[in-house]
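What's in work-v7.txt: compact mmCIF, C-alpha atoms
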```txt
# COMPACT_ATOMS: atom_id res chain seq x y z
CA MET A 209 137.61 82.53 8.86
CA GLN A 210 134.05 83.75 9.30
CA ASN A 211 132.72 80.21 8.84
CA GLU A 212 135.12 78.92 11.51
CA LEU A 213 133.90 81.54 13.97
CA LEU A 214 130.28 80.67 13.21
CA ASP A 215 131.05 76.96 13.70
CA LYS A 216 132.73 77.67 17.05
CA LEU A 217 129.79 79.80 18.11
CA TRP A 218 127.32 77.10 17.02
CA VAL A 219 128.97 74.33 19.04
CA THR A 220 128.69 76.46 22.20
CA THR A 221 124.92 76.89 21.89
CA GLY A 222 122.37 74.84 23.76
CA ILE A 223 120.60 73.80 20.57
CA ALA A 224 123.73 72.11 19.23
CA ASN A 225 124.39 70.23 22.48
CA PHE A 226 120.94 69.20 23.68
CA GLU A 227 120.30 65.46 24.06
CA TRP A 228 116.87 63.89 24.24
CA GLY A 229 117.38 62.91 27.87
CA GLN A 230 118.09 66.50 28.89
CA ILE A 231 114.96 67.71 27.12
CA LEU A 232 112.93 65.01 28.87
CA MET A 233 114.28 65.94 32.32
CA ILE A 234 113.70 69.65 31.72
CA GLY A 235 110.11 68.62 31.01
CA VAL A 236 110.08 66.80 34.36
CA GLY A 237 111.37 69.96 36.06
CA LEU A 238 108.60 72.02 34.42
CA LEU A 239 106.04 69.42 35.55
CA LEU A 240 107.27 69.75 39.15
CA LEU A 241 106.97 73.53 38.91
CA PHE A 242 103.42 73.13 37.52
CA LEU A 243 102.44 70.89 40.44
CA ALA A 244 103.94 73.37 42.90
CA ILE A 245 102.63 76.64 41.44
CA VAL A 246 99.30 75.65 39.88
CA LYS A 247 98.28 72.65 41.98
CA LYS A 248 100.06 73.94 45.13
CA PHE A 249 101.56 70.51 45.95
CA GLU A 250 104.20 71.34 48.60
CA PRO A 251 105.69 74.33 46.75
CA LEU A 252 108.43 74.79 49.36
CA LEU A 253 109.93 71.52 48.14
CA LEU A 254 108.90 71.28 44.51
CA VAL A 255 109.79 74.82 43.37
CA PRO A 256 113.53 74.52 44.23
CA ILE A 257 113.67 70.85 43.17
CA GLY A 258 111.95 71.55 39.85
CA PHE A 259 114.10 74.60 39.11
CA GLY A 260 117.22 72.67 40.10
CA ALA A 261 116.22 69.96 37.63
CA ILE A 262 116.00 72.53 34.84
CA LEU A 263 119.36 74.09 35.72
CA SER A 264 121.12 70.73 35.93
CA ASN A 265 120.03 69.76 32.41
CA ILE A 266 121.29 72.88 30.64
CA PRO A 267 124.01 71.61 28.29
CA VAL A 268 127.57 72.98 28.42
CA ALA A 269 126.93 75.01 31.63
CA GLU A 270 127.90 72.12 33.98
CA ILE A 271 125.91 73.75 36.81
CA SER A 272 125.47 70.42 38.58
CA GLY A 273 129.05 69.28 38.00
CA PRO A 274 131.69 69.12 40.75
CA ASP A 275 132.76 72.70 40.04
CA GLY A 276 129.26 74.06 39.38
CA LEU A 277 127.15 75.92 41.91
CA LEU A 278 124.63 73.12 42.48
CA GLY A 279 127.39 70.51 42.58
CA MET A 280 129.21 72.42 45.31
CA ILE A 281 126.00 72.93 47.30
CA TYR A 282 125.30 69.20 47.01
CA HIS A 283 128.77 68.31 48.27
CA VAL A 284 128.78 70.77 51.18
CA GLY A 285 125.25 70.16 52.42
CA ILE A 286 124.06 66.71 51.39
CA GLU A 287 127.15 64.50 51.04
CA THR A 288 128.33 65.68 54.45
CA GLY A 289 124.88 65.21 55.99
CA ILE A 290 124.74 68.77 57.37
CA PHE A 291 121.49 69.81 55.65
CA PRO A 292 119.41 66.90 57.05
CA LEU A 293 120.51 67.67 60.60
CA LEU A 294 119.72 71.37 60.26
CA ILE A 295 116.33 70.47 58.78
CA PHE A 296 115.65 68.22 61.79
CA MET A 297 116.48 71.10 64.13
CA GLY A 298 114.01 73.31 62.25
CA VAL A 299 111.32 70.60 62.29
CA GLY A 300 111.75 70.25 66.05
CA ALA A 301 111.41 74.01 66.51
CA LEU A 302 108.32 74.15 64.29
CA THR A 303 106.49 71.16 65.77
CA ASP A 304 104.31 71.03 68.83
CA PHE A 305 104.84 67.63 70.47
CA GLY A 306 101.78 68.20 72.67
CA ALA A 307 99.49 65.91 70.64
CA LEU A 308 101.86 62.98 71.11
CA ILE A 309 102.32 63.73 74.82
CA ALA A 310 98.54 63.97 75.29
CA MET A 311 97.91 60.65 73.52
CA PRO A 312 101.12 58.58 73.79
CA ARG A 313 99.48 55.45 72.38
CA THR A 314 99.76 57.07 68.93
CA LEU A 315 103.42 56.05 69.12
CA MET A 316 102.14 52.68 67.92
CA LEU A 317 100.85 54.30 64.72
CA GLY A 318 104.21 55.91 64.06
CA ALA A 319 105.93 52.58 64.68
CA ALA A 320 103.55 50.66 62.40
CA ALA A 321 104.14 53.08 59.54
CA GLN A 322 107.84 52.18 59.57
CA PHE A 323 106.90 48.65 58.42
CA GLY A 324 107.34 49.86 54.84
CA ILE A 325 111.03 50.46 55.49
CA PHE A 326 111.85 46.86 56.31
CA THR A 327 109.51 45.47 53.64
CA THR A 328 111.29 47.50 50.99
CA LEU A 329 114.71 46.46 52.27
CA ILE A 330 113.74 42.88 51.40
CA GLY A 331 112.30 44.07 48.07
CA ALA A 332 115.56 45.80 47.14
CA LEU A 333 117.52 42.62 47.78
CA ALA A 334 115.00 40.66 45.73
CA LEU A 335 115.62 42.98 42.77
CA ASN A 336 119.12 41.53 42.51
CA MET A 337 117.56 38.57 40.73
CA ILE A 338 116.85 40.92 37.80
CA PRO A 339 119.82 41.66 35.51
CA GLY A 340 121.11 45.20 35.96
CA PHE A 341 120.54 45.41 39.71
CA GLU A 342 123.32 44.82 42.23
CA PHE A 343 122.13 46.20 45.58
CA SER A 344 124.16 45.33 48.66
CA LEU A 345 122.54 45.02 52.11
CA ALA A 346 123.70 48.57 52.88
CA ASP A 347 122.16 49.81 49.61
CA ALA A 348 118.88 48.05 50.41
CA ALA A 349 118.79 49.56 53.90
CA ALA A 350 119.33 53.05 52.50
CA ILE A 351 116.61 52.54 49.87
CA GLY A 352 114.15 51.14 52.42
CA ILE A 353 114.29 54.26 54.59
CA ILE A 354 112.38 56.11 51.82
CA GLY A 355 109.30 54.35 53.22
CA GLY A 356 109.43 56.62 56.24
CA ALA A 357 108.62 59.58 53.95
CA ASP A 358 111.38 61.50 55.69
CA GLY A 359 113.77 63.20 53.27
CA PRO A 360 116.36 64.33 55.86
CA THR A 361 116.56 60.85 57.41
CA ALA A 362 116.86 59.23 53.96
CA ILE A 363 119.74 61.55 53.04
CA PHE A 364 121.44 61.07 56.40
CA LEU A 365 121.35 57.27 56.18
CA ALA A 366 122.26 57.10 52.49
CA SER A 367 125.28 59.37 53.01
CA ARG A 368 126.63 56.79 55.45
CA LEU A 369 125.52 53.49 53.95
CA ALA A 370 125.20 54.07 50.19
CA PRO A 371 126.83 57.34 49.07
CA ASP A 372 126.79 56.21 45.44
CA LEU A 373 122.97 56.00 45.56
CA LEU A 374 122.53 59.19 47.56
CA GLY A 375 121.27 61.28 44.65
CA ALA A 376 118.60 58.80 43.54
CA ILE A 377 117.45 58.18 47.12
CA ALA A 378 117.22 61.91 47.85
CA VAL A 379 115.18 62.52 44.71
CA ALA A 380 112.81 59.62 45.49
CA ALA A 381 112.36 60.59 49.15
CA TYR A 382 111.59 64.23 48.48
CA SER A 383 109.43 63.50 45.44
CA TYR A 384 107.17 61.21 47.46
CA MET A 385 107.11 63.62 50.39
CA ALA A 386 105.90 66.37 48.08
CA LEU A 387 103.32 64.09 46.45
CA VAL A 388 101.74 62.95 49.73
CA PRO A 389 98.43 64.70 48.79
CA LEU A 390 98.26 62.55 45.65
CA ILE A 391 99.55 59.21 46.97
CA GLN A 392 97.89 58.83 50.36
CA PRO A 393 94.16 59.57 49.86
CA PRO A 394 93.45 56.58 47.54
CA ILE A 395 95.14 54.22 50.01
CA MET A 396 93.26 55.78 52.94
CA LYS A 397 89.89 55.44 51.22
CA LEU A 398 90.62 51.89 50.04
CA LEU A 399 91.43 50.61 53.54
CA THR A 400 88.72 52.45 55.54
CA THR A 401 84.95 52.56 55.39
CA GLU A 402 82.99 55.81 55.22
CA LYS A 403 81.69 55.11 58.71
CA GLU A 404 85.26 54.84 60.03
CA ARG A 405 86.28 58.05 58.27
CA LYS A 406 83.42 59.89 60.00
CA ILE A 407 84.55 58.96 63.52
CA LYS A 408 85.00 62.10 65.61
CA MET A 409 87.69 62.01 68.28
CA THR A 410 87.44 63.74 71.65
CA GLN A 411 89.43 66.88 72.35
CA LEU A 412 92.98 66.25 73.54
CA ARG A 413 93.88 67.11 77.13
CA HIS A 414 95.90 70.21 77.92
CA VAL A 415 99.66 69.56 78.06
CA SER A 416 101.64 71.69 80.49
CA ARG A 417 104.80 73.61 79.61
CA THR A 418 106.76 71.46 82.06
CA GLU A 419 105.71 68.30 80.22
CA LYS A 420 106.74 69.84 76.89
CA ILE A 421 110.19 70.69 78.27
CA ILE A 422 110.74 67.29 79.87
CA PHE A 423 109.60 65.32 76.79
CA PRO A 424 112.45 66.16 74.35
CA LEU A 425 115.02 65.64 77.10
CA THR A 426 113.50 62.24 77.91
CA VAL A 427 113.49 61.19 74.25
CA LEU A 428 117.15 62.19 73.91
CA LEU A 429 118.09 60.33 77.10
CA LEU A 430 116.40 57.15 75.85
CA CYS A 431 118.23 57.53 72.55
CA VAL A 432 121.58 57.91 74.32
CA ILE A 433 120.94 54.82 76.43
CA PHE A 434 119.50 52.46 73.83
CA LEU A 435 120.37 53.70 70.32
CA PRO A 436 123.23 56.23 70.19
CA THR A 437 123.58 55.73 66.41
CA ALA A 438 120.35 57.74 66.03
CA ALA A 439 121.65 60.55 68.26
CA PRO A 440 122.55 62.98 65.43
CA LEU A 441 118.96 63.03 64.14
CA ILE A 442 117.17 62.67 67.48
CA GLY A 443 119.57 65.15 69.08
CA MET A 444 118.89 67.93 66.56
CA LEU A 445 115.14 67.23 66.59
CA THR A 446 114.92 67.44 70.38
CA PHE A 447 117.27 70.44 70.51
CA GLY A 448 115.03 72.36 68.11
CA ASN A 449 111.95 71.41 70.13
CA LEU A 450 113.60 72.47 73.39
CA LEU A 451 114.37 75.87 71.84
CA ARG A 452 110.67 76.17 71.09
CA GLU A 453 109.33 75.05 74.46
CA CYS A 454 111.81 76.39 77.04
CA GLY A 455 110.57 79.96 76.52
CA VAL A 456 113.89 81.73 77.19
CA VAL A 457 115.52 81.70 73.74
CA ASP A 458 112.80 83.07 71.46
CA ARG A 459 115.36 84.55 69.06
CA LEU A 460 117.04 81.17 68.56
CA SER A 461 113.70 79.41 68.24
CA ASN A 462 112.49 81.94 65.66
CA ALA A 463 115.75 81.62 63.70
CA SER A 464 115.40 77.82 63.64
CA GLN A 465 111.77 78.07 62.53
CA ASN A 466 112.36 80.71 59.87
CA GLU A 467 115.72 81.90 58.57
CA ILE A 468 117.74 78.72 59.10
CA ILE A 469 115.23 76.14 57.88
CA ASN A 470 114.11 78.35 54.97
CA THR A 471 117.68 78.90 53.78
CA VAL A 472 118.54 75.22 54.10
CA THR A 473 115.32 74.23 52.30
CA ILE A 474 116.26 76.41 49.30
CA PHE A 475 119.74 74.93 49.01
CA LEU A 476 118.60 71.38 49.75
CA GLY A 477 115.87 71.56 47.09
CA LEU A 478 118.29 72.89 44.47
CA ALA A 479 120.84 70.22 45.40
CA VAL A 480 118.26 67.43 45.15
CA GLY A 481 117.11 68.86 41.81
CA SER A 482 120.70 68.74 40.56
CA LYS A 483 120.48 64.94 40.71
CA LEU A 484 117.67 65.03 38.17
CA SER A 485 120.18 65.50 35.38
CA ALA A 486 119.65 63.04 32.54
CA GLU A 487 122.95 61.18 32.87
CA LYS A 488 122.44 60.59 36.60
CA PHE A 489 118.70 59.94 36.61
CA LEU A 490 117.90 57.95 33.48
CA ASN A 491 119.39 54.59 34.44
CA VAL A 492 117.93 51.30 35.58
CA GLU A 493 119.09 51.54 39.21
CA THR A 494 117.55 54.97 39.74
CA LEU A 495 114.25 53.92 38.19
CA GLY A 496 114.29 50.80 40.38
CA ILE A 497 114.82 52.97 43.46
CA LEU A 498 111.85 55.16 42.47
CA VAL A 499 109.60 52.10 42.15
CA LEU A 500 110.82 50.69 45.47
CA GLY A 501 110.38 54.08 47.13
CA MET A 502 106.76 54.23 45.98
CA LEU A 503 106.21 50.69 47.30
CA ALA A 504 107.83 51.60 50.63
CA PHE A 505 105.69 54.70 51.04
CA ALA A 506 102.47 52.87 50.11
CA VAL A 507 103.21 49.98 52.49
CA GLY A 508 104.09 52.39 55.31
CA THR A 509 100.84 54.31 54.82
CA ALA A 510 98.80 51.10 54.68
CA ALA A 511 100.47 49.66 57.80
CA GLY A 512 99.70 52.82 59.75
CA ILE A 513 96.04 52.73 58.69
CA LEU A 514 95.69 49.04 59.55
CA MET A 515 97.15 49.70 63.00
CA GLY A 516 94.67 52.57 63.29
CA LYS A 517 91.82 50.18 62.49
CA LEU A 518 93.04 47.81 65.19
CA MET A 519 93.26 50.64 67.73
CA CYS A 520 89.80 51.80 66.66
CA ARG A 521 88.35 48.39 67.44
CA LEU A 522 90.22 48.07 70.74
CA SER A 523 89.09 51.54 71.82
CA GLY A 524 85.45 50.84 71.05
CA GLY A 525 85.36 53.10 68.01
CA LYS A 526 86.95 56.15 69.65
CA ILE A 527 89.97 56.38 67.32
CA ASN A 528 89.60 57.33 63.67
CA PRO A 529 91.78 54.92 61.62
CA LEU A 530 92.67 57.73 59.20
CA ILE A 531 95.18 59.17 61.67
CA GLY A 532 97.30 56.04 61.15
CA ALA A 533 98.23 57.40 57.70
CA ALA A 534 100.00 60.28 59.46
CA GLY A 535 102.41 57.76 60.99
CA VAL A 536 104.76 58.40 58.09
CA SER A 537 107.01 61.27 59.05
CA ALA A 538 106.10 63.83 56.39
CA VAL A 539 105.39 66.62 58.89
CA PRO A 540 102.89 68.26 58.71
CA MET A 541 101.90 67.19 55.19
CA ALA A 542 100.53 63.79 56.16
CA ALA A 543 98.53 65.26 59.06
CA ARG A 544 96.98 67.86 56.74
CA VAL A 545 96.00 65.14 54.27
CA VAL A 546 94.36 63.12 57.07
CA ASN A 547 92.41 66.21 58.11
CA LYS A 548 91.30 66.83 54.52
CA VAL A 549 90.06 63.27 53.99
CA GLY A 550 88.24 63.40 57.33
CA LEU A 551 86.52 66.64 56.35
CA GLU A 552 85.46 65.13 53.03
CA ALA A 553 83.62 62.42 54.98
CA ASP A 554 82.12 64.87 57.50
CA HIS A 555 82.47 68.65 57.28
CA HIS A 556 82.67 68.86 61.09
CA ASN A 557 85.31 66.16 61.55
CA PHE A 558 88.57 67.98 62.33
CA LEU A 559 91.44 65.50 62.77
CA LEU A 560 94.50 67.74 62.37
CA MET A 561 95.62 67.87 66.01
CA HIS A 562 94.91 64.17 66.54
CA ALA A 563 96.92 63.32 63.40
CA MET A 564 99.89 65.37 64.65
CA GLY A 565 100.48 62.76 67.37
CA PRO A 566 101.28 59.88 64.99
CA ASN A 567 102.97 62.37 62.63
CA VAL A 568 105.47 63.37 65.32
CA ALA A 569 105.79 59.70 66.29
CA GLY A 570 106.63 58.97 62.66
CA VAL A 571 109.49 61.46 62.70
CA ILE A 572 110.92 59.82 65.81
CA GLY A 573 110.18 56.34 64.42
CA SER A 574 112.01 56.95 61.13
CA ALA A 575 115.03 58.31 63.01
CA VAL A 576 115.00 55.23 65.25
CA ALA A 577 114.70 52.94 62.21
CA ALA A 578 117.66 54.73 60.62
CA GLY A 579 119.65 54.28 63.82
CA ILE A 580 118.85 50.56 63.93
CA LEU A 581 119.87 50.07 60.31
CA LEU A 582 123.03 52.09 60.83
CA ALA A 583 123.92 50.07 63.91
CA ILE A 584 123.32 46.68 62.25
CA VAL A 585 124.34 47.25 58.63
CA GLY A 586 126.86 50.03 59.14
CA GLY A 587 128.55 48.11 61.90
```

Would you kindly transcribe this structure into structure tokens?
Amino acid sequence: MQNELLDKLWVTTGIANFEWGQILMIGVGLLLLFLAIVKKFEPLLLVPIGFGAILSNIPVAEISGPDGLLGMIYHVGIETGIFPLLIFMGVGALTDFGALIAMPRTLMLGAAAQFGIFTTLIGALALNMIPGFEFSLADAAAIGIIGGADGPTAIFLASRLAPDLLGAIAVAAYSYMALVPLIQPPIMKLLTTEKERKIKMTQLRHVSRTEKIIFPLTVLLLCVIFLPTAAPLIGMLTFGNLLRECGVVDRLSNASQNEIINTVTIFLGLAVGSKLSAEKFLNVETLGILVLGMLAFAVGTAAGILMGKLMCRLSGGKINPLIGAAGVSAVPMAARVVNKVGLEADHHNFLLMHAMGPNVAGVIGSAVAAGILLAIVGG
């Protein structure tokens, strides 16, 4: 009798139920926590994602299962697409669009950086020639959007075009967003000369409050007229920005910038981490998506820089090509990285505000790209 009780107790322990894949993924979760806490690589994203990865790989507990806490959070917030839209509202409330309004030509940099999306769409379809991959056009479109370095947009599009790949796409998108400080600098330095990196840009003009109020309304109107499929993302982005700029709803603006986006970020990170469980992550399709996501992000960064080099030449050397790297929509991570690389070249070369223009353009550009793909492929 005592032996039976000991046997029953043993089979309920973690030691008896651990598989090598779970141990490996717990190691991945600890690595993400190390990068967040020690290296300070986007801790707001990596701490909840890394901890979610650890929780989801605890045997027996089923925390990431349909009836587990993380599984329910994933269903309520990510499968429905609610979390991405709330994040977009918070991003709009947090972001000053003044840099883009002051220098509207940086829209071209945001547009160029979306080139990685459509390149990777073709790459995903090409993978079908390899045994083990069976991506449809809708799957390829959802995978390609990772190139915009915009986690909310990637989740939003995947939930509508490729729900079965949603977990892998969410993990890839947010992993590369968090690793922007590692991925972008080598590409930036490879494609620019030291002389180009030292280019100092003139101070941006003052943008009036009236302009800042009119801008989000104008963007939304254009979206309604030309691309209503992007309205959920563009609508929440512009709504959040209007809360910020109108000056009469400070409580709502502060809530969007703080309590709402912080709460959603916690739950979204844990939910994304729940998809790092061994049985869901360690398969050929997921690994293929990670490789394609890296390619998409690298191509998008390179395309933005090359457009920046062209604009530099056309402007007579007045535009620093580095700001093109901020055309991906990882706000404000990409802009901070541009500023850091610029300062490494010249300690007096501050590019942060100039990089915010293409960074904001990248957010709008990725939402527009998602709307186009949804209209063409979803239709």

* For Ser482 (chain A), list every protein, DNA or RNA residue within 10 Å, evaluated using all atoms listed in the file, and leave out those in the same chain fewer than 3 positions away; present the list as number ranges by chain. => A: 256-265, 271-273, 277-279, 281-282, 375, 379, 476-479, 485-486, 488-489

Could you save the residues just selected, with C-alpha atoms, as a compact mmCIF listing (two decimals), in the coordinates of the input?
```txt
# COMPACT_ATOMS: atom_id res chain seq x y z
CA PRO A 256 113.53 74.52 44.23
CA ILE A 257 113.67 70.85 43.17
CA GLY A 258 111.95 71.55 39.85
CA PHE A 259 114.10 74.60 39.11
CA GLY A 260 117.22 72.67 40.10
CA ALA A 261 116.22 69.96 37.63
CA ILE A 262 116.00 72.53 34.84
CA LEU A 263 119.36 74.09 35.72
CA SER A 264 121.12 70.73 35.93
CA ASN A 265 120.03 69.76 32.41
CA ILE A 271 125.91 73.75 36.81
CA SER A 272 125.47 70.42 38.58
CA GLY A 273 129.05 69.28 38.00
CA LEU A 277 127.15 75.92 41.91
CA LEU A 278 124.63 73.12 42.48
CA GLY A 279 127.39 70.51 42.58
CA ILE A 281 126.00 72.93 47.30
CA TYR A 282 125.30 69.20 47.01
CA GLY A 375 121.27 61.28 44.65
CA VAL A 379 115.18 62.52 44.71
CA LEU A 476 118.60 71.38 49.75
CA GLY A 477 115.87 71.56 47.09
CA LEU A 478 118.29 72.89 44.47
CA ALA A 479 120.84 70.22 45.40
CA SER A 485 120.18 65.50 35.38
CA ALA A 486 119.65 63.04 32.54
CA LYS A 488 122.44 60.59 36.60
CA PHE A 489 118.70 59.94 36.61
```

* For CA of Leu387 (chain A) and CA of Val568 (chain A), the interatomic separation in Å (one decimal) -> 19.0 Å

* Grab the CA of Leu335 (chain A) to CA of Val499 (chain A) distance for me, in Å with one decimal place. => 10.9 Å

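Interatomic distance, CA of Gly235 (chain A) against CA of Lys483 (chain A): 14.7 Å.
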
* For Leu240 (chain A), which residue out of A:Gly586, A:Gly481, A:Pro394, A:Pro566 is the nearest one, using only C-alpha atoms? ->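 Looking at the shortest contact to Leu240 (chain A), the residue is A:Gly481.
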
* Minimum-distance residue to Ile290 (chain A), chosen among A:Pro529, A:Pro440, A:Gly455, A:Gly512 (using all atoms listed in the file) -> A:Pro440

* A:Ser461, A:Asn528, A:Thr494, A:Asn547: which is nearest Lys408 (chain A), counting only C-alpha atoms? -> A:Asn528

* **Top pick for closest residue to Leu302 (chain A), considering A:His556, A:Lys548, A:Phe447, A:Thr509 and counting all atoms listed in the file** =>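 Among the listed residues, A:Phe447 lies closest to Leu302 (chain A).
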
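The shortest atom-to-atom distance to Leu560 (chain A), with all atoms listed in the file taken into account, belongs to A:Ala533 out of A:Ile584, A:Ala533, A:Met280, A:Val480.
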
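If only C-alpha atoms are the atoms counted, then among A:Ser344, A:Thr437, A:Thr288, A:Thr426 the closest residue to Ser367 (chain A) is A:Thr288.
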
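By chain and then residue number, the residues within 10 Å of Ala348 (chain A) are Ile325, Phe326, Thr328, Leu329, Ile330, Gly331, Ala332, Leu333, Ala334, Leu335, Glu342, Phe343, Ser344, Leu345, Ile351, Gly352, Ile353, Ala366, Leu369, Ala370, Ile497, Leu500 and Val585 of chain A, counting only C-alpha atoms and disregarding those fewer than 3 positions away in sequence.
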
May I have the residues from that selection written out with C-alpha atoms, as a JSON list (two decimals), in the frame of the given file?
```json
[["chain", "number", "residue", "atom", "x", "y", "z"],
["A", 325, "ILE", "CA", 111.03, 50.46, 55.49],
["A", 326, "PHE", "CA", 111.85, 46.86, 56.31],
["A", 328, "THR", "CA", 111.29, 47.50, 50.99],
["A", 329, "LEU", "CA", 114.71, 46.46, 52.27],
["A", 330, "ILE", "CA", 113.74, 42.88, 51.40],
["A", 331, "GLY", "CA", 112.30, 44.07, 48.07],
["A", 332, "ALA", "CA", 115.56, 45.80, 47.14],
["A", 333, "LEU", "CA", 117.52, 42.62, 47.78],
["A", 334, "ALA", "CA", 115.00, 40.66, 45.73],
["A", 335, "LEU", "CA", 115.62, 42.98, 42.77],
["A", 342, "GLU", "CA", 123.32, 44.82, 42.23],
["A", 343, "PHE", "CA", 122.13, 46.20, 45.58],
["A", 344, "SER", "CA", 124.16, 45.33, 48.66],
["A", 345, "LEU", "CA", 122.54, 45.02, 52.11],
["A", 351, "ILE", "CA", 116.61, 52.54, 49.87],
["A", 352, "GLY", "CA", 114.15, 51.14, 52.42],
["A", 353, "ILE", "CA", 114.29, 54.26, 54.59],
["A", 366, "ALA", "CA", 122.26, 57.10, 52.49],
["A", 369, "LEU", "CA", 125.52, 53.49, 53.95],
["A", 370, "ALA", "CA", 125.20, 54.07, 50.19],
["A", 497, "ILE", "CA", 114.82, 52.97, 43.46],
["A", 500, "LEU", "CA", 110.82, 50.69, 45.47],
["A", 585, "VAL", "CA", 124.34, 47.25, 58.63]]
```

* Can you pull out every residue within 8 Å of Arg417 (chain A), counting all atoms listed in the file, but drop anything in the same chain fewer than 4 positions away, and send it as number ranges by chain? => A: 421, 453-454

Write the residues of the preceding selection, restricted to C-alpha atoms, as a compact mmCIF listing (two decimals), in the coordinates of the input.
```txt
# COMPACT_ATOMS: atom_id res chain seq x y z
CA ILE A 421 110.19 70.69 78.27
CA GLU A 453 109.33 75.05 74.46
CA CYS A 454 111.81 76.39 77.04
```

* With a distance cut-off of 10 Å and all atoms listed in the file, select the neighbouring residues of Ala362 (chain A), excluding the residue or stretch itself and same-chain residues fewer than 2 positions from it, and output the selection as a list in words. =>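 The contact residues come out as Pro292, Ala349, Ala350, Ile351, Gly352, Ile353, Ile354, Gly355, Gly356, Ala357, Asp358, Gly359, Pro360, Phe364, Leu365, Ala366, Ser367, Leu374, Ile377, Ala378, Val379, Ala380, Ala381, Tyr382, Ser574, Ala575 and Ala578 of chain A.
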
* Asked: Could you pull the residues within 10 Å of Arg313 (chain A), counting only C-alpha atoms, minus those fewer than 6 positions along the same chain, as a PyMOL selection string?
  -> chain A and resi 519+565-566+569

* **Test item: which residues lie within 9 Å of (96.4, 50.2, 60.9) counting all atoms listed in the file, as number ranges by chain** => A: 317, 320-321, 399, 509-520, 529-530, 532-533
